[in-house]
2 protein chains.
Amino acid sequence: MLKFDETGLLNSVKGALALRQEIEKIVDGICEKGYDAIYYMGIGGTYASALQAIFHIKQNSALPAYVENAGQFITAGNQRITDKSVIIISSVTGSTEEMVLTVKKLKEIGAKTIGFIDKADAELAKLVDYEIAYPANEQLKFFMVADRFMYNHGDFKQYERYYKELDEYLPADLVEVEKKADDFGKAFAAKHHDDSIHYFIGAGYQWGAIYSYAMCYWEEQHWIRTKSVHAAEFFHGTLEIVDRDTPVTVYICEDKERPLAERVAKFLPRVCANYTVIDTKDYPLHISDEFRGYVSHLVMHAINNRIDAHIEKINCHPMEIRRYYRQLEY
Amino acid sequence: MLKFDETGLLNSVKGALALRQEIEKIVDGICEKGYDAIYYMGIGGTYASALQAIFHIKQNSALPAYVENAGQFITAGNQRITDKSVIIISSVTGSTEEMVLTVKKLKEIGAKTIGFIDKADAELAKLVDYEIAYPANEQLKFFMVADRFMYNHGDFKQYERYYKELDEYLPADLVEVEKKADDFGKAFAAKHHDDSIHYFIGAGYQWGAIYSYAMCYWEEQHWIRTKSVHAAEFFHGTLEIVDRDTPVTVYICEDKERPLAERVAKFLPRVCANYTVIDTKDYPLHISDEFRGYVSHLVMHAINNRIDAHIEKINCHPMEIRRYYRQLEY
């Protein structure tokens, strides 16, 4: 299989899950002291991951947890953030300009920051109050923090049972999803690698993932134009520009917002002959049905990995290269 | 001037501003009884207006005020909304399916709803706790509610002075903006009426307005493809698909997020020869500089009205027609 390191993938997810003890210690300590609100802050891809974590909390709890865009925070601010607030951030390089400014501003306010900074010696890693350095698996790391906060708040009683399943099955399950998705990914890439624009529609846990996939993968890494539209919003404008040949992909989530995505999937065949429906439910997992929604964005990501590997090959366009990002000063 | 009813426009804005006494009475009554949070709820265009109202509150106050998508609320819910919460909605027809379900669900929770339902005899108008029927001017109506809540919370001390200026100058100022923008709108329409896709970038008060303009005007009414991207997010993906010929329009706002939009405007000329910068600051108003930001999305809307009138004419595509919306059941 193209660009597929089974052992590497297995170990990567296993290692991320193994961070749980460290995360629990940090979150339990914060909960003991008390806090007024939780903010996931990011920009671009990390903002998208934050959207997913916040949706997860909103589905399962009344905790005051919010998403905040780092670029907006460093310019416009947020008067609700106090020295009792907890902020969760993530950065692969540890040098993203907006995130460095964000954490400096948060330090002035006195808010507590938990940072998943992959490079332990980066500037950001030294600035945050609690640093956890482990590569990739951003959503999983964000969700582990969210789950512990909810658990301590009495809102996520399934915590132990859920993580027992994840520890046991998630790494191998995600490997199997990639294997099962490879033929589909190849066919999808063959059909869409040269689209002039591609529409990605989704809801629930998958909305943040779709927002990220459209922008950080197709636009940034494949240089293919896309628009991501939340399924709830699709019928209030975007539908009018869909015709027979418009490439539209709908992801069907496995949570309470599933009917929103299903509605789009049901509508499309009537007006479009170039649509794709990706339902994560079609991919078997050893994880209980009640928990599938919580990881359906990871299943989606595994499917997308296969699409990406094939687009990269067909287009002779290495995903590492950037036209402008970190090539120019701006 | 094409499709321009000066007296109608003047009276429309004047009439909206004259709702203030009625709005104050409602908000003051709610504040006396107390509330735990404010939610602006909408879908499509009304969701976009909600984004603007929430940005306004966030800029000026620490009030617990949030935006909620009605489609998401009726499927996924929001456990933080209680019988002490205040919800603000708007609907032109009063029959939007998602909004009817939303208000019914809110009634079960016991939350108080303020509705700007333009049709006083529509189902929604009868369902809300406080109904104000007046056509158009959605943002202005939303902002008047926001301002009164902030004022009562001690966060908007400039309230009386600000509204004195609006009452005196806003209606005529917006008329003058349209007049001044007409030549620009005509040239812009001539250049972009047939774009295969158009990118709209903006921040601050204008972000919600851009989100709406791209989706509810160009997509829904002109059937032209667009993508709206927040200026803070532009450098984290979208920039890579911009090349010499990509049509990109940046709106420059007049609030704390102005540097985010300016950064995009500064970057574009280096990589793109088909960009436009629209700075609302270029349009004179009789309103004080300190208040211009609060109405800059209305200035932007006035400019866009001129673009729309000319695109409609050039494309021979009446803005009232819809391909699918309310033509099909879905």
# chains A, B, ... in the order shown; residues from 1 in each chain; ligands from 1

$ interface_residues --of "chain A" --to "chain B" --cutoff "6 Å" --atoms "only C-alpha atoms" --output "ChimeraX atom specification"
/A:44,62,71,75-76,79-80,215-216,219-220,223,232-233,236-238,240-241,256-257,323

$ select_by_dssp --residues "region 123-245 of chain B" --states "strand (DSSP E or B)" --output "ChimeraX atom specification"
/B:130-131,198-202,226-230

$ write_last_selection --atoms "N, CA and C atoms" --output "PDB file, in the first residue's frame"
ATOM      1  N   TYR B 130     -41.314  37.450  22.942  1.00  0.00           N
ATOM      2  CA  TYR B 130     -41.387  38.877  22.601  1.00  0.00           C
ATOM      3  C   TYR B 130     -41.232  38.994  21.098  1.00  0.00           C
ATOM      4  N   GLU B 131     -42.227  39.563  20.441  1.00  0.00           N
ATOM      5  CA  GLU B 131     -42.173  39.663  18.980  1.00  0.00           C
ATOM      6  C   GLU B 131     -42.070  41.118  18.544  1.00  0.00           C
ATOM      7  N   HIS B 198     -14.972  32.982  -6.539  1.00  0.00           N
ATOM      8  CA  HIS B 198     -14.481  34.250  -6.000  1.00  0.00           C
ATOM      9  C   HIS B 198     -14.233  34.069  -4.503  1.00  0.00           C
ATOM     10  N   TYR B 199     -13.072  34.527  -4.055  1.00  0.00           N
ATOM     11  CA  TYR B 199     -12.718  34.425  -2.637  1.00  0.00           C
ATOM     12  C   TYR B 199     -12.988  35.746  -1.933  1.00  0.00           C
ATOM     13  N   PHE B 200     -13.725  35.671  -0.824  1.00  0.00           N
ATOM     14  CA  PHE B 200     -13.978  36.842   0.013  1.00  0.00           C
ATOM     15  C   PHE B 200     -13.274  36.651   1.353  1.00  0.00           C
ATOM     16  N   ILE B 201     -12.422  37.604   1.699  1.00  0.00           N
ATOM     17  CA  ILE B 201     -11.650  37.500   2.937  1.00  0.00           C
ATOM     18  C   ILE B 201     -11.992  38.678   3.837  1.00  0.00           C
ATOM     19  N   GLY B 202     -12.163  38.426   5.116  1.00  0.00           N
ATOM     20  CA  GLY B 202     -12.470  39.517   6.033  1.00  0.00           C
ATOM     21  C   GLY B 202     -12.335  39.096   7.480  1.00  0.00           C
ATOM     22  N   THR B 226     -18.304  30.824  -4.555  1.00  0.00           N
ATOM     23  CA  THR B 226     -17.486  31.669  -3.683  1.00  0.00           C
ATOM     24  C   THR B 226     -16.928  30.837  -2.549  1.00  0.00           C
ATOM     25  N   LYS B 227     -15.900  31.358  -1.917  1.00  0.00           N
ATOM     26  CA  LYS B 227     -15.506  30.848  -0.613  1.00  0.00           C
ATOM     27  C   LYS B 227     -15.203  32.046   0.269  1.00  0.00           C
ATOM     28  N   SER B 228     -15.771  32.050   1.463  1.00  0.00           N
ATOM     29  CA  SER B 228     -15.440  33.093   2.430  1.00  0.00           C
ATOM     30  C   SER B 228     -14.427  32.503   3.402  1.00  0.00           C
ATOM     31  N   VAL B 229     -13.381  33.265   3.668  1.00  0.00           N
ATOM     32  CA  VAL B 229     -12.324  32.780   4.570  1.00  0.00           C
ATOM     33  C   VAL B 229     -12.012  33.893   5.563  1.00  0.00           C
ATOM     34  N   HIS B 230     -11.983  33.556   6.841  1.00  0.00           N
ATOM     35  CA  HIS B 230     -11.606  34.556   7.837  1.00  0.00           C
ATOM     36  C   HIS B 230     -10.142  34.934   7.625  1.00  0.00           C
TER      37      HIS B 230
END

$ atom_distance --atom1 "CA of Asp289 (chain B)" --atom2 "CA of Tyr39 (chain B)"
28.8 Å

$ select_by_dssp --residues "region 96-211 of chain A" --states "helix (DSSP H, G or I)" --output "PyMOL selection string"
chain A and resi 97-109+123-127+138-152+159-192+205-211

$ residues_around --residues "Lys3 (chain A)" --least-positions-apart "6" --cutoff "10 Å" --atoms "only C-alpha atoms" --output "count of residues only"
7

$ residues_around --residues "region 85-95 of chain A" --least-positions-apart "4" --cutoff "6 Å" --atoms "only C-alpha atoms" --output "number ranges by chain"
A: 35-41, 81, 111-118, 122, 124

$ write_last_selection --atoms "N, CA and C atoms" --output "compact mmCIF listing (two decimals), in the first residue's frame"
# COMPACT_ATOMS: atom_id res chain seq x y z
N TYR A 35 -11.62 26.20 38.21
CA TYR A 35 -11.42 27.01 36.99
C TYR A 35 -12.77 27.57 36.59
N ASP A 36 -12.77 28.64 35.81
CA ASP A 36 -14.06 29.22 35.41
C ASP A 36 -14.52 28.78 34.02
N ALA A 37 -13.57 28.45 33.15
CA ALA A 37 -13.95 28.00 31.80
C ALA A 37 -12.75 27.37 31.11
N ILE A 38 -13.05 26.61 30.08
CA ILE A 38 -12.02 25.93 29.29
C ILE A 38 -12.06 26.51 27.87
N TYR A 39 -10.90 26.83 27.34
CA TYR A 39 -10.83 27.33 25.95
C TYR A 39 -9.83 26.50 25.17
N TYR A 40 -10.28 25.98 24.04
CA TYR A 40 -9.35 25.38 23.09
C TYR A 40 -9.01 26.47 22.09
N MET A 41 -7.72 26.78 21.98
CA MET A 41 -7.31 27.86 21.08
C MET A 41 -6.40 27.33 20.00
N ILE A 81 -11.97 35.67 29.30
CA ILE A 81 -10.84 34.85 29.76
C ILE A 81 -10.17 35.53 30.96
N ALA A 111 -3.98 33.17 32.89
CA ALA A 111 -4.68 31.91 32.60
C ALA A 111 -3.67 30.76 32.56
N LYS A 112 -4.16 29.56 32.84
CA LYS A 112 -3.28 28.39 32.82
C LYS A 112 -3.33 27.73 31.44
N THR A 113 -2.18 27.40 30.89
CA THR A 113 -2.14 26.80 29.55
C THR A 113 -1.59 25.38 29.58
N ILE A 114 -2.31 24.49 28.90
CA ILE A 114 -1.82 23.13 28.66
C ILE A 114 -1.39 23.09 27.20
N GLY A 115 -0.15 22.74 26.93
CA GLY A 115 0.34 22.76 25.56
C GLY A 115 0.80 21.39 25.08
N PHE A 116 0.29 21.00 23.93
CA PHE A 116 0.82 19.81 23.26
C PHE A 116 1.79 20.32 22.18
N ILE A 117 2.98 20.63 22.62
CA ILE A 117 3.98 21.18 21.69
C ILE A 117 4.92 20.02 21.34
N ASP A 118 4.88 19.63 20.05
CA ASP A 118 5.60 18.41 19.69
C ASP A 118 7.11 18.53 19.90
N ALA A 122 11.06 23.89 21.88
CA ALA A 122 10.59 25.09 21.16
C ALA A 122 10.18 26.17 22.15
N LEU A 124 7.42 27.84 22.44
CA LEU A 124 6.09 27.61 23.00
C LEU A 124 6.12 26.60 24.14

$ closest_residue --among "A:Pro171, A:Gly110, A:Gly34, A:Gly15" --to "Ala302 (chain A)" --atoms "only C-alpha atoms"
A:Pro171
